[in-house]
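A.B. asks: My questions all concern the structure below.
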Amino acid sequence: MSHWQHAGHVWVYGTLRAGECNHGLLRGRSELVRSSTRPGRLYSVQDCYPVLQLDQNAQPVTGELYQIAPRSLKSLGEELDRLEGIDEGYYRAVLVQELEGPCVIYVGGEKLLPYCEPRYQIAEGDWCRYRPAGLRSKDEHLGEAG
């Protein structure tokens with residue numbers, strides 16, 4: 001959780017993006033700063049969610065930068081860490097510098113390393129374009145605009 005003591009932004013590339021199944025965690029507690037790309041390799045974990053490995057020499061991965069409301073920083077940070085399985089080793093939180101300030105990005109942890117190989121790579125670097133049609137967002141399941 002110490003990463004959240006130094007960051008007020010999160011860059012998301014998968015199920016936390018607008019319209020995706022976990023975006024509701026960010027809604028009302030953060031504000032979209034901008035859509036952007038960052039160099040890395042994006043992989044699919046059983047076609048259910050993505051995992052990112054940062055790599056300055058790789059293709060662009062599509063994502064969104066959010067500024068977290070100060071009043072929500074502690075609680076949302078804890079929820080995001082729990083969702084990403086930080087304590088279990090599924091993801092790691094990496095602190096990077098954006099123009100807007102320090103930013104947390106969740107990258108693949110030890111337990112997801114078996115999926116970080118070419119046969120699971122999402123070539124276009126965009127989870128929302130890759131996501132299987134059957135994996136709709138919670139908003140879509142509820143019939144709400146996503």
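Please note that chains go A, B, ... in the order of the structure tokens, that every chain numbers its residues from 1, and that ligands are numbered from 1 in the order shown.
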Give me, as an MDAnalysis selection string, all polymer residues having an atom no more than 7 Å from A:Ala7, counting only C-alpha atoms and skipping those fewer than 5 positions away in the same chain.

C.D. replies: chainID A and resid 102:104

A.B. asks: Could you save those same residues with C-alpha atoms as a PDB file, in the first residue's frame?

C.D. replies:
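What follows is the written file again31.pdb:
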ATOM      1  CA  PRO A 102       3.262   9.924  -9.810  1.00  0.00           C
ATOM      2  CA  CYS A 103       1.082   7.112 -11.106  1.00  0.00           C
ATOM      3  CA  VAL A 104       0.441   3.487 -10.120  1.00  0.00           C
TER       4      VAL A 104
END

A.B. asks: Using only C-alpha atoms, determine which residues lie at most 7 Å from stretch 66-78 of chain A, disregarding the query and same-chain residues fewer than 3 positions distant; provide the list as a ChimeraX atom specification.

C.D. replies: /A:1,4,8-11,29-33,81-82

A.B. asks: Smallest atom-to-atom distance to A:Pro39: which of A:Leu16, A:Leu80, A:Ala58, A:Leu25, using only C-alpha atoms?

C.D. replies: A:Ala58

A.B. asks: Find, counting only C-alpha atoms, the residue in A:Gln46, A:Asn22, A:Gln97, A:Thr15 that gets nearest to A:Asp126.

C.D. replies: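 Distance minimum relative to A:Asp126 lands on A:Thr15.
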
A.B. asks: Could you jot down the atom CA of A:Gly19 to atom CA of A:Cys128 separation for me, Å, one decimal place?

C.D. replies: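 So the two atoms, atom CA of A:Gly19 and atom CA of A:Cys128, lie 8.8 Å apart.
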
A.B. asks: Need to verify the contact set: A:Glu84, 9 Å, only C-alpha atoms, exclusion of same-chain residues closer than 6 positions in sequence. Can you return it as a ChimeraX atom specification?

C.D. replies: /A:90-93,106

A.B. asks: Quick check, in Å to one decimal: how far apart do atom CA of A:Lys111 and atom CA of A:Leu42 lie?

C.D. replies: 15.6 Å

A.B. asks: In Å, how far is it from atom CA of A:Arg34 to atom CA of A:Glu117?

C.D. replies: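 Separation between atom CA of A:Arg34 and atom CA of A:Glu117: 29.2 Å.
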
A.B. asks: Residues of stretch 4-145 of chain A classed as strand (DSSP E or B) by DSSP on the backbone are to be reported as an MDAnalysis selection string.

C.D. replies: chainID A and resid 9:12 30:45 49:54 60:68 91:98 101:108 121

A.B. asks: Create the file for the chosen residues now, containing C-alpha atoms and written as a PDB file, in the first residue's frame.

C.D. replies:
ATOM      1  CA  HIS A   9      -3.084   8.641 -10.330  1.00  0.00           C
ATOM      2  CA  VAL A  10      -3.630   5.170 -11.733  1.00  0.00           C
ATOM      3  CA  TRP A  11      -3.095   4.043 -15.331  1.00  0.00           C
ATOM      4  CA  VAL A  12      -5.451   1.213 -16.305  1.00  0.00           C
ATOM      5  CA  SER A  30     -11.679   9.384  -9.832  1.00  0.00           C
ATOM      6  CA  GLU A  31     -11.622  11.479 -12.966  1.00  0.00           C
ATOM      7  CA  LEU A  32     -10.380  10.506 -16.395  1.00  0.00           C
ATOM      8  CA  VAL A  33      -7.351  12.645 -17.208  1.00  0.00           C
ATOM      9  CA  ARG A  34      -6.706  11.231 -20.680  1.00  0.00           C
ATOM     10  CA  SER A  35      -6.493   8.140 -22.810  1.00  0.00           C
ATOM     11  CA  SER A  36      -2.924   7.230 -23.615  1.00  0.00           C
ATOM     12  CA  THR A  37      -0.532   4.498 -24.592  1.00  0.00           C
ATOM     13  CA  ARG A  38       2.571   3.212 -22.915  1.00  0.00           C
ATOM     14  CA  PRO A  39       5.190   0.777 -24.237  1.00  0.00           C
ATOM     15  CA  GLY A  40       4.778  -2.766 -23.062  1.00  0.00           C
ATOM     16  CA  ARG A  41       3.488  -6.221 -23.807  1.00  0.00           C
ATOM     17  CA  LEU A  42      -0.114  -7.110 -23.071  1.00  0.00           C
ATOM     18  CA  TYR A  43      -1.173 -10.710 -22.501  1.00  0.00           C
ATOM     19  CA  SER A  44      -4.485 -12.482 -22.012  1.00  0.00           C
ATOM     20  CA  VAL A  45      -5.060 -14.612 -18.940  1.00  0.00           C
ATOM     21  CA  TYR A  49      -8.435 -10.348 -18.066  1.00  0.00           C
ATOM     22  CA  PRO A  50      -5.125  -8.895 -19.240  1.00  0.00           C
ATOM     23  CA  VAL A  51      -1.677  -8.678 -17.709  1.00  0.00           C
ATOM     24  CA  LEU A  52       0.937  -6.087 -18.643  1.00  0.00           C
ATOM     25  CA  GLN A  53       4.710  -6.247 -18.711  1.00  0.00           C
ATOM     26  CA  LEU A  54       6.289  -2.821 -19.159  1.00  0.00           C
ATOM     27  CA  PRO A  60       2.150   0.740 -27.414  1.00  0.00           C
ATOM     28  CA  VAL A  61      -0.462  -0.594 -25.013  1.00  0.00           C
ATOM     29  CA  THR A  62      -3.718   1.355 -24.817  1.00  0.00           C
ATOM     30  CA  GLY A  63      -4.986   2.582 -21.464  1.00  0.00           C
ATOM     31  CA  GLU A  64      -6.494   5.415 -19.456  1.00  0.00           C
ATOM     32  CA  LEU A  65      -4.994   7.690 -16.828  1.00  0.00           C
ATOM     33  CA  TYR A  66      -7.231   8.557 -13.861  1.00  0.00           C
ATOM     34  CA  GLN A  67      -6.702  11.052 -11.087  1.00  0.00           C
ATOM     35  CA  ILE A  68      -8.041   9.673  -7.841  1.00  0.00           C
ATOM     36  CA  TYR A  91       0.059  -8.310  -9.817  1.00  0.00           C
ATOM     37  CA  ARG A  92       2.666  -5.830  -8.604  1.00  0.00           C
ATOM     38  CA  ALA A  93       2.126  -2.104  -8.247  1.00  0.00           C
ATOM     39  CA  VAL A  94       4.749  -0.065 -10.094  1.00  0.00           C
ATOM     40  CA  LEU A  95       5.164   3.651  -9.552  1.00  0.00           C
ATOM     41  CA  VAL A  96       5.898   5.681 -12.708  1.00  0.00           C
ATOM     42  CA  GLN A  97       6.120   9.391 -13.353  1.00  0.00           C
ATOM     43  CA  GLU A  98       3.495  10.966 -15.613  1.00  0.00           C
ATOM     44  CA  GLY A 101       2.466  13.356 -11.263  1.00  0.00           C
ATOM     45  CA  PRO A 102       3.262   9.924  -9.810  1.00  0.00           C
ATOM     46  CA  CYS A 103       1.082   7.112 -11.106  1.00  0.00           C
ATOM     47  CA  VAL A 104       0.441   3.487 -10.120  1.00  0.00           C
ATOM     48  CA  ILE A 105       0.356   0.802 -12.806  1.00  0.00           C
ATOM     49  CA  TYR A 106      -0.445  -2.815 -12.008  1.00  0.00           C
ATOM     50  CA  VAL A 107       1.872  -5.196 -13.861  1.00  0.00           C
ATOM     51  CA  GLY A 108       2.131  -8.962 -13.844  1.00  0.00           C
ATOM     52  CA  GLN A 121       0.175 -11.878 -26.277  1.00  0.00           C
TER      53      GLN A 121
END

A.B. asks: Under the rule that only C-alpha atoms are counted, which of A:Pro118, A:Gly24, A:Gly109, A:Gly14 is the nearest residue to A:Glu88?

C.D. replies: A:Gly109
